[in-house]
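File shown: protein.cif. Contents: mmCIF, C-alpha atoms and all ligand atoms.
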```cif
data_model
#
loop_
_atom_site.group_PDB
_atom_site.id
_atom_site.type_symbol
_atom_site.label_atom_id
_atom_site.label_comp_id
_atom_site.auth_asym_id
_atom_site.auth_seq_id
_atom_site.Cartn_x
_atom_site.Cartn_y
_atom_site.Cartn_z
ATOM 1 C CA MET A 250 -93.352 -52.679 27.213
ATOM 2 C CA ARG A 251 -90.710 -50.321 25.870
ATOM 3 C CA ALA A 252 -93.409 -48.103 24.285
ATOM 4 C CA ARG A 253 -95.321 -48.009 27.559
ATOM 5 C CA ASN A 254 -92.187 -46.937 29.444
ATOM 6 C CA TRP A 255 -91.480 -44.201 26.931
ATOM 7 C CA LEU A 256 -95.059 -42.944 27.198
ATOM 8 C CA GLY A 257 -94.781 -43.026 30.983
ATOM 9 C CA TRP A 258 -91.659 -40.873 30.817
ATOM 10 C CA VAL A 259 -93.357 -38.354 28.525
ATOM 11 C CA ALA A 260 -96.402 -38.223 30.808
ATOM 12 C CA ALA A 261 -94.147 -37.603 33.804
ATOM 13 C CA MET A 262 -92.375 -34.723 32.108
ATOM 14 C CA VAL A 263 -95.702 -33.232 31.037
ATOM 15 C CA GLU A 264 -96.950 -33.479 34.605
ATOM 16 C CA ASP A 265 -93.736 -31.751 35.695
ATOM 17 C CA CYS A 266 -92.579 -34.378 38.188
ATOM 18 C CA ILE A 267 -90.002 -32.759 40.475
ATOM 19 C CA PHE A 268 -87.861 -35.917 40.755
ATOM 20 C CA CYS A 269 -87.869 -36.409 36.950
ATOM 21 C CA ARG A 270 -86.548 -32.870 36.772
ATOM 22 C CA ILE A 271 -83.748 -33.777 39.195
ATOM 23 C CA VAL A 272 -82.911 -36.823 37.013
ATOM 24 C CA ALA A 273 -82.866 -34.535 33.964
ATOM 25 C CA GLY A 274 -80.522 -32.094 35.752
ATOM 26 C CA GLU A 275 -83.096 -29.294 35.555
ATOM 27 C CA ILE A 276 -83.252 -28.904 39.346
ATOM 28 C CA PRO A 277 -80.075 -29.084 41.444
ATOM 29 C CA ALA A 278 -79.599 -31.863 43.967
ATOM 30 C CA HIS A 279 -76.748 -33.159 46.102
ATOM 31 C CA VAL A 280 -76.241 -36.509 44.380
ATOM 32 C CA VAL A 281 -74.235 -39.052 46.381
ATOM 33 C CA ASP A 282 -74.661 -42.194 44.271
ATOM 34 C CA GLU A 283 -75.859 -43.048 40.786
ATOM 35 C CA ASP A 284 -75.960 -45.929 38.377
ATOM 36 C CA GLU A 285 -77.675 -46.771 35.117
ATOM 37 C CA ARG A 286 -81.108 -47.104 36.746
ATOM 38 C CA THR A 287 -80.994 -45.100 39.993
ATOM 39 C CA LEU A 288 -80.048 -41.809 41.604
ATOM 40 C CA THR A 289 -79.436 -41.150 45.304
ATOM 41 C CA PHE A 290 -79.512 -37.565 46.570
ATOM 42 C CA MET A 291 -79.924 -35.679 49.826
ATOM 43 C CA ASP A 292 -83.449 -34.893 51.028
ATOM 44 C CA ILE A 293 -84.058 -31.145 51.081
ATOM 45 C CA ALA A 294 -85.768 -31.392 54.492
ATOM 46 C CA PRO A 295 -83.746 -34.041 56.315
ATOM 47 C CA ALA A 296 -85.314 -35.977 59.179
ATOM 48 C CA THR A 297 -81.798 -36.676 60.505
ATOM 49 C CA ARG A 298 -78.256 -35.857 59.379
ATOM 50 C CA GLY A 299 -77.619 -37.687 56.107
ATOM 51 C CA HIS A 300 -81.251 -38.361 55.110
ATOM 52 C CA ALA A 301 -81.214 -39.343 51.419
ATOM 53 C CA LEU A 302 -83.705 -40.426 48.771
ATOM 54 C CA VAL A 303 -83.129 -43.261 46.308
ATOM 55 C CA ILE A 304 -85.163 -43.074 43.104
ATOM 56 C CA PRO A 305 -85.387 -44.891 39.778
ATOM 57 C CA ARG A 306 -84.326 -42.732 36.840
ATOM 58 C CA GLN A 307 -87.398 -43.988 35.022
ATOM 59 C CA HIS A 308 -90.605 -42.450 36.301
ATOM 60 C CA ALA A 309 -92.941 -44.672 38.310
ATOM 61 C CA ALA A 310 -95.463 -43.010 40.580
ATOM 62 C CA ASP A 311 -95.291 -45.367 43.545
ATOM 63 C CA LEU A 312 -94.794 -48.889 44.879
ATOM 64 C CA TRP A 313 -97.915 -50.103 43.104
ATOM 65 C CA GLU A 314 -96.683 -48.789 39.751
ATOM 66 C CA ILE A 315 -92.964 -49.578 39.726
ATOM 67 C CA GLU A 316 -91.720 -52.559 37.704
ATOM 68 C CA GLN A 317 -89.962 -55.294 39.617
ATOM 69 C CA ASP A 318 -86.531 -54.917 38.020
ATOM 70 C CA GLU A 319 -86.598 -51.176 38.756
ATOM 71 C CA LEU A 320 -87.525 -51.901 42.353
ATOM 72 C CA LEU A 321 -84.625 -54.353 42.632
ATOM 73 C CA ALA A 322 -82.205 -51.716 41.320
ATOM 74 C CA VAL A 323 -83.532 -49.168 43.851
ATOM 75 C CA SER A 324 -83.261 -51.757 46.646
ATOM 76 C CA ALA A 325 -79.613 -52.435 45.796
ATOM 77 C CA ALA A 326 -78.881 -48.691 45.755
ATOM 78 C CA ALA A 327 -80.680 -48.211 49.096
ATOM 79 C CA HIS A 328 -78.568 -51.014 50.564
ATOM 80 C CA ARG A 329 -75.373 -49.302 49.318
ATOM 81 C CA GLN A 330 -76.552 -46.042 50.879
ATOM 82 C CA ALA A 331 -77.373 -47.742 54.187
ATOM 83 C CA LEU A 332 -73.807 -49.131 54.316
ATOM 84 C CA ARG A 333 -72.437 -45.698 53.403
ATOM 85 C CA VAL A 334 -74.178 -43.909 56.304
ATOM 86 C CA ARG A 335 -72.827 -46.558 58.677
ATOM 87 C CA ASP A 336 -69.291 -46.220 57.337
ATOM 88 C CA ARG A 337 -69.076 -42.489 56.577
ATOM 89 C CA LEU A 338 -71.425 -40.898 59.117
ATOM 90 C CA GLU A 339 -71.042 -43.439 61.908
ATOM 91 C CA ALA A 340 -74.801 -43.894 62.090
ATOM 92 C CA ASP A 341 -75.934 -46.311 64.803
ATOM 93 C CA GLY A 342 -78.863 -47.553 62.722
ATOM 94 C CA VAL A 343 -80.955 -46.755 59.676
ATOM 95 C CA ASN A 344 -84.605 -46.667 58.574
ATOM 96 C CA LEU A 345 -85.590 -47.472 54.990
ATOM 97 C CA ILE A 346 -89.030 -46.011 54.374
ATOM 98 C CA ASN A 347 -91.306 -45.975 51.365
ATOM 99 C CA SER A 348 -94.567 -44.078 51.517
ATOM 100 C CA CYS A 349 -97.210 -45.250 49.053
ATOM 101 C CA ARG A 350 -100.147 -42.985 48.182
ATOM 102 C CA PRO A 351 -101.448 -40.157 50.384
ATOM 103 C CA ALA A 352 -102.950 -42.647 52.827
ATOM 104 C CA GLY A 353 -99.394 -43.945 53.303
ATOM 105 C CA TRP A 354 -97.940 -40.385 53.729
ATOM 106 C CA GLN A 355 -96.609 -40.055 50.144
ATOM 107 C CA THR A 356 -96.231 -36.425 48.993
ATOM 108 C CA VAL A 357 -93.980 -36.725 45.906
ATOM 109 C CA PHE A 358 -95.397 -39.088 43.305
ATOM 110 C CA HIS A 359 -92.189 -40.483 41.826
ATOM 111 C CA PHE A 360 -91.233 -43.679 43.640
ATOM 112 C CA HIS A 361 -88.531 -43.172 46.281
ATOM 113 C CA VAL A 362 -87.023 -44.892 49.263
ATOM 114 C CA HIS A 363 -85.969 -42.738 52.207
ATOM 115 C CA VAL A 364 -82.636 -43.783 53.716
ATOM 116 C CA ILE A 365 -82.692 -42.184 57.160
ATOM 117 C CA PRO A 366 -79.602 -42.622 59.324
ATOM 118 C CA ARG A 367 -80.387 -43.074 63.006
ATOM 119 C CA TYR A 368 -78.184 -42.033 65.893
ATOM 120 C CA ASP A 369 -78.421 -43.374 69.432
ATOM 121 C CA GLY A 370 -80.781 -41.084 71.344
ATOM 122 C CA ASP A 371 -81.832 -38.994 68.314
ATOM 123 C CA PRO A 372 -85.246 -37.381 68.833
ATOM 124 C CA LEU A 373 -86.863 -38.550 65.573
ATOM 125 C CA LYS A 374 -90.420 -39.858 65.802
ATOM 126 C CA LEU A 375 -92.247 -41.337 62.811
ATOM 127 C CA PRO A 376 -93.900 -39.978 60.802
ATOM 128 C CA TRP A 377 -91.580 -36.971 60.942
ATOM 129 C CA VAL A 378 -92.772 -33.486 60.004
ATOM 130 C CA PRO A 379 -90.480 -32.176 57.228
ATOM 131 C CA ALA A 380 -88.876 -28.821 57.909
ATOM 132 C CA PRO A 381 -86.458 -27.006 55.569
ATOM 133 C CA GLY A 382 -82.880 -28.147 56.096
ATOM 134 C CA ASP A 383 -79.725 -26.063 56.468
ATOM 135 C CA MET A 384 -78.344 -26.136 52.905
ATOM 136 C CA GLN A 385 -74.707 -25.753 54.017
ATOM 137 C CA GLU A 386 -75.066 -28.689 56.373
ATOM 138 C CA ILE A 387 -76.729 -30.776 53.616
ATOM 139 C CA ALA A 388 -73.882 -29.963 51.199
ATOM 140 C CA ALA A 389 -71.291 -30.912 53.832
ATOM 141 C CA VAL A 390 -72.902 -34.249 54.618
ATOM 142 C CA ALA A 391 -73.251 -35.010 50.886
ATOM 143 C CA GLN A 392 -69.503 -34.430 50.563
ATOM 144 C CA ALA A 393 -68.866 -36.882 53.410
ATOM 145 C CA LEU A 394 -71.039 -39.471 51.657
ATOM 146 C CA ARG A 395 -69.381 -39.317 48.231
HETATM 147 P P1 LIG A 401 -92.690 -38.495 50.713
HETATM 148 O O1 LIG A 401 -93.440 -37.521 51.590
HETATM 149 O O2 LIG A 401 -93.310 -38.560 49.330
HETATM 150 O O3 LIG A 401 -92.460 -39.843 51.307
HETATM 151 O O4 LIG A 401 -91.229 -37.877 50.559
HETATM 152 C C1 LIG A 401 -90.928 -36.812 49.721
HETATM 153 C C2 LIG A 401 -89.603 -36.247 50.189
HETATM 154 O O5 LIG A 401 -89.079 -35.457 49.138
HETATM 155 C C3 LIG A 401 -89.705 -35.353 51.431
HETATM 156 O O6 LIG A 401 -88.884 -35.881 52.470
HETATM 157 C C4 LIG A 401 -89.210 -33.987 50.934
HETATM 158 O O7 LIG A 401 -88.448 -33.304 51.892
HETATM 159 C C5 LIG A 401 -88.397 -34.345 49.706
HETATM 160 N N1 LIG A 401 -88.379 -33.330 48.663
HETATM 161 C C6 LIG A 401 -89.459 -32.647 48.152
HETATM 162 N N2 LIG A 401 -89.055 -31.802 47.188
HETATM 163 C C7 LIG A 401 -87.704 -31.959 47.072
HETATM 164 C C8 LIG A 401 -86.723 -31.342 46.231
HETATM 165 O O8 LIG A 401 -87.004 -30.488 45.387
HETATM 166 N N3 LIG A 401 -85.434 -31.748 46.398
HETATM 167 C C9 LIG A 401 -85.075 -32.696 47.313
HETATM 168 N N4 LIG A 401 -83.771 -33.026 47.392
HETATM 169 N N5 LIG A 401 -85.974 -33.299 48.127
HETATM 170 C C10 LIG A 401 -87.276 -32.926 48.003
HETATM 171 ZN ZN ZN A 402 -90.957 -38.598 37.928
#
```
Structure encoded using structure tokens:
Amino acid sequence: MRARNWLGWVAAMVEDCIFCRIVAGEIPAHVVDEDERTLTFMDIAPATRGHALVIPRQHAADLWEIEQDELLAVSAAAHRQALRVRDRLEADGVNLINSCRPAGWQTVFHFHVHVIPRYDGDPLKLPWVPAPGDMQEIAAVAQALR
């Protein structure tokens, strides 16, 4: 099992997975939470204010590939983040979304859970169409979430 995980990591790096590169610190990200197994950082094209992504540090392509203990660690981190957007951003609700495979709207093939704060009356409709975010606003909301 350990050898398979190591090979998976190597394969991910070879394939140049963008989220593996964030884990490795090769691409900058506004990280708001981390532990031994997971990383939570702001989405670059937020659907609402405070939209974050929770990922396992170890590469797994999607929900059908991720090991159960990794999924449990990501779930716990997503729960922490959901509480954080309630407490720090005064969100009125939250959506946790995982997209699996292109048929399920997945575009980045490193497992992730979207934590999308919802605000009473916000205009978001699912699936949202990502549009580049305002980087200053993303940095400010990351600061509020830390
Ligand atoms: P998916 O479409 O796979 O469910 O979600 C992928 C998400 O990753 C999108 O919401 C997209 O905005 C986000 N994303 C793609 N590239 C980057 C990046 O380089 N940095 C960050 N922080 N988010 C990214
Ligand atoms: Zn990866």
Exercise for review: Can you pull out every residue within 12 Å of Leu321 (chain A), counting only C-alpha atoms, but drop anything in the same chain fewer than 5 positions away, and send it as a list in words?
Suggested key: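 My reading of the contact set: Arg286, Thr287, Val303, Ile304, Pro305, Leu312, Ile315, Glu316, Ala326, Ala327, His328 and Val362 of chain A.
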Practice item. Considering only C-alpha atoms, return as a PyMOL selection string whatever protein or nucleic-acid residues lie within 8 Å of region 269-284 of chain A, sequence-local ones (same chain, fewer than 6 positions apart) excluded. Key: chain A and resi 261-262+290-291+306-308+326+330+359+387-388+391-392+394-395
Test item: residues at most 9 Å from Leu338 (chain A), all atoms listed in the file, excluding those fewer than 3 positions along its chain, as a PDB file with C-alpha atoms, in the coordinates of the input:
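Output file selection_1.pdb is given in full below:
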```
ATOM      1  CA  ARG A 298     -78.256 -35.857  59.379  1.00  0.00           C
ATOM      2  CA  GLY A 299     -77.619 -37.687  56.107  1.00  0.00           C
ATOM      3  CA  ARG A 333     -72.437 -45.698  53.403  1.00  0.00           C
ATOM      4  CA  VAL A 334     -74.178 -43.909  56.304  1.00  0.00           C
ATOM      5  CA  ARG A 335     -72.827 -46.558  58.677  1.00  0.00           C
ATOM      6  CA  PRO A 366     -79.602 -42.622  59.324  1.00  0.00           C
ATOM      7  CA  VAL A 390     -72.902 -34.249  54.618  1.00  0.00           C
ATOM      8  CA  ALA A 393     -68.866 -36.882  53.410  1.00  0.00           C
ATOM      9  CA  LEU A 394     -71.039 -39.471  51.657  1.00  0.00           C
TER      10      LEU A 394
END
```
Exercise for review: For each of A:Cys266, A:Leu345, A:Ala322, A:Ile293, take the minimum atom-to-atom distance to ligand LIG 401 (chain A), counting all atoms listed in the file, then give the residue where this is smallest.
Suggested key: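 Distance minimum relative to ligand LIG 401 (chain A) lands on A:Ile293.
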Exercise for review: Could you check how far CA of Glu386 (chain A) sits from atom N3 of ligand LIG 401 (chain A), in Å to one decimal?
Suggested key: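 Atom N3 of ligand LIG 401 (chain A) lies 14.7 Å from CA of Glu386 (chain A).
Neighbouring residues of Lys374 (chain A) at 12 Å or closer, counting all atoms listed in the file and skipping chain neighbours under 4 positions away, are Ala296, Thr297, Asn344, Ile365, Arg367, Gly370, Val378 and Pro379 of chain A.
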Put those residues in a file: C-alpha atoms, as a PDB file, in the coordinates of the input.
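Just written: part-v4.pdb:
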```pdb
ATOM      1  CA  ALA A 296     -85.314 -35.977  59.179  1.00  0.00           C
ATOM      2  CA  THR A 297     -81.798 -36.676  60.505  1.00  0.00           C
ATOM      3  CA  ASN A 344     -84.605 -46.667  58.574  1.00  0.00           C
ATOM      4  CA  ILE A 365     -82.692 -42.184  57.160  1.00  0.00           C
ATOM      5  CA  ARG A 367     -80.387 -43.074  63.006  1.00  0.00           C
ATOM      6  CA  GLY A 370     -80.781 -41.084  71.344  1.00  0.00           C
ATOM      7  CA  VAL A 378     -92.772 -33.486  60.004  1.00  0.00           C
ATOM      8  CA  PRO A 379     -90.480 -32.176  57.228  1.00  0.00           C
TER       9      PRO A 379
END
```
Review point. What is the distance, in Å and to one decimal place, between atom C5 of ligand LIG 401 (chain A) and CA of Glu319 (chain A)?
Key: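 According to the coordinates, atom C5 of ligand LIG 401 (chain A) and CA of Glu319 (chain A) are separated by 20.2 Å.
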**Study point:** Shortest interatomic distance to ligand LIG 401 (chain A) - which of A:Leu332, A:Arg337, A:Leu373, A:Pro351, counting all atoms listed in the file
**Key:**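 Closest to ligand LIG 401 (chain A), using all atoms listed in the file: A:Pro351.
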**Study point:** Atomic separation - CA of Asp336 (chain A) relative to CA of Tyr368 (chain A), Å
**Key:**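 Interatomic distance, CA of Tyr368 (chain A) to CA of Asp336 (chain A): 13.0 Å.
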Practice item. Write out as an MDAnalysis selection string the residues lying within 9 Å of Phe358 (chain A), counting only C-alpha atoms and excluding same-chain residues fewer than 4 positions away. Key: chainID A and resid 266:268 309:311 349:350
Exercise for review: Find, counting only C-alpha atoms and all ligand atoms, the residue in A:Asp383, A:Asp292, A:Asp371, A:Asp341 that gets nearest to ligand LIG 401 (chain A).
Suggested key: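 Result for the nearest residue to ligand LIG 401 (chain A): A:Asp292.
Compared by their closest atoms to ligand ZN 402 (chain A), and using only C-alpha atoms and all ligand atoms, the residues A:Glu314, A:Glu339, A:Ala331, A:Val364 rank with A:Glu314 nearest.
In this comparison, which uses all atoms listed in the file, the residue of A:Trp313, A:His363, A:Val357, A:Gly342 approaching ligand LIG 401 (chain A) most closely is A:Val357.
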